[in-house]
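Okay, target-v1.pdb is below, PDB, C-alpha atoms:
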MODEL        1
ATOM      1  CA  MET A   1     159.936  71.581 151.701
ATOM      2  CA  ILE A   2     156.773  69.530 151.837
ATOM      3  CA  LYS A   3     156.347  67.269 148.858
ATOM      4  CA  ARG A   4     153.376  67.748 146.588
ATOM      5  CA  GLN A   5     152.144  64.187 147.163
ATOM      6  CA  TYR A   6     151.756  64.806 150.896
ATOM      7  CA  ILE A   7     149.837  68.019 150.291
ATOM      8  CA  ILE A   8     147.380  66.322 147.927
ATOM      9  CA  THR A   9     146.849  63.407 150.317
ATOM     10  CA  GLY A  10     146.447  65.805 153.266
ATOM     11  CA  ILE A  11     143.811  67.780 151.404
ATOM     12  CA  GLY A  12     142.009  64.513 150.691
ATOM     13  CA  ILE A  13     142.063  63.585 154.365
ATOM     14  CA  LEU A  14     140.639  66.970 155.362
ATOM     15  CA  VAL A  15     137.902  66.752 152.734
ATOM     16  CA  GLY A  16     137.129  63.232 153.947
ATOM     17  CA  PHE A  17     136.889  64.428 157.558
ATOM     18  CA  VAL A  18     134.352  67.073 156.585
ATOM     19  CA  LEU A  19     132.309  64.734 154.400
ATOM     20  CA  GLY A  20     132.424  61.948 156.985
ATOM     21  CA  TYR A  21     131.074  64.225 159.676
ATOM     22  CA  ALA A  22     128.473  65.636 157.289
ATOM     23  CA  TYR A  23     127.317  62.102 156.536
ATOM     24  CA  TYR A  24     126.952  61.408 160.258
ATOM     25  CA  HIS A  25     125.131  64.692 160.860
ATOM     26  CA  PHE A  26     122.694  64.606 157.956
ATOM     27  CA  ILE A  27     122.160  60.858 157.393
ATOM     28  CA  GLY A  28     123.649  59.018 160.371
ATOM     29  CA  CYS A  29     122.089  56.039 162.070
ATOM     30  CA  ALA A  30     118.839  56.464 163.983
ATOM     31  CA  THR A  31     119.040  53.197 165.938
ATOM     32  CA  GLY A  32     122.671  53.470 167.034
ATOM     33  CA  SER A  33     123.481  49.960 165.844
ATOM     34  CA  CYS A  34     125.519  51.036 162.797
ATOM     35  CA  ALA A  35     129.234  50.548 163.400
ATOM     36  CA  ILE A  36     130.513  53.502 161.377
ATOM     37  CA  THR A  37     127.751  56.099 161.397
ATOM     38  CA  SER A  38     126.497  55.726 164.977
ATOM     39  CA  LYS A  39     129.242  58.001 166.402
ATOM     40  CA  PRO A  40     130.695  61.156 164.848
ATOM     41  CA  PHE A  41     134.271  60.140 165.696
ATOM     42  CA  ASN A  42     134.003  56.854 163.768
ATOM     43  CA  SER A  43     132.316  58.458 160.796
ATOM     44  CA  THR A  44     134.859  61.292 160.643
ATOM     45  CA  LEU A  45     137.865  58.950 160.802
ATOM     46  CA  TYR A  46     136.406  56.617 158.196
ATOM     47  CA  GLY A  47     135.702  59.571 155.897
ATOM     48  CA  GLY A  48     139.251  60.870 156.361
ATOM     49  CA  MET A  49     140.725  57.495 155.498
ATOM     50  CA  LEU A  50     138.621  57.180 152.354
ATOM     51  CA  GLY A  51     139.358  60.773 151.339
ATOM     52  CA  GLY A  52     143.089  60.245 151.741
ATOM     53  CA  LEU A  53     143.003  57.052 149.716
ATOM     54  CA  LEU A  54     140.885  58.628 147.000
ATOM     55  CA  PHE A  55     143.075  61.717 146.602
ATOM     56  CA  ASN A  56     146.229  59.606 146.802
ATOM     57  CA  MET A  57     145.172  57.866 143.587
ATOM     58  CA  PHE A  58     145.867  61.120 141.731
ATOM     59  CA  VAL A  59     149.467  61.440 142.963
ATOM     60  CA  ILE A  60     152.033  60.626 140.293
ATOM     61  CA  SER A  61     155.035  58.736 141.612
ATOM     62  CA  LYS A  62     158.593  59.136 140.338
ATOM     63  CA  THR A  63     158.519  55.791 138.478
ATOM     64  CA  GLU A  64     155.355  56.802 136.602
ATOM     65  CA  GLU A  65     156.922  60.143 135.649
ATOM     66  CA  ASN A  66     159.992  58.365 134.255
ATOM     67  CA  ARG A  67     157.870  55.996 132.154
ATOM     68  CA  GLU A  68     156.054  58.854 130.442
ATOM     69  CA  ASP A  69     159.293  60.518 129.253
TER      70      ASP A  69
ENDMDL
END

What does the file become when written as structure tokens?
Amino acid sequence: MIKRQYIITGIGILVGFVLGYAYYHFIGCATGSCAITSKPFNSTLYGGMLGGLLFNMFVISKTEENRED
């Protein structure tokens, strides 16, 4: 069975992919000199990484669960 923490992080990565590509598509970089937003691949990967990290902050680990009891 897939653990809940992996599901939450995976959802964050997918949301980040979508938002990263949307940022490239709607805002992007007109000159092409921007390292992250000049290519859709870079922007999508960067968004996925940030989304995964952001959603991973909301995962409760076993040690935190034990401290609350």

Edge lengths and centre in Å, axis-aligned, range 3-13 of chain A plus 4 Å each side, as AutoDock Vina command-line options:
--center_x 149.2 --center_y 65.7 --center_z 150.5 --size_x 22.3 --size_y 12.6 --size_z 15.8

- Task: Let me know the residues the PyMOL selection byres ((chain A and resi 39) around 12) catches in the file above, as an NGL selection string.
- Result: :A and (20-25 or 27-38 or 40-46)

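Between CA of Leu50 in chain A and CA of Ile7 in chain A lies a distance of 15.7 Å.
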
- Item | Top pick for closest residue to Lys62 in chain A, considering A:Val15, A:Gly47, A:Lys3, A:Phe26 and counting all atoms listed in the file |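 Closest to Lys62 in chain A, using all atoms listed in the file: A:Lys3.
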
- Skipping near chain neighbours, those fewer than 4 positions away, what residues fall within 12 Å of Gly12 in chain A using only C-alpha atoms, listed as a PyMOL selection string? chain A and resi 5-8+16-20+47-59
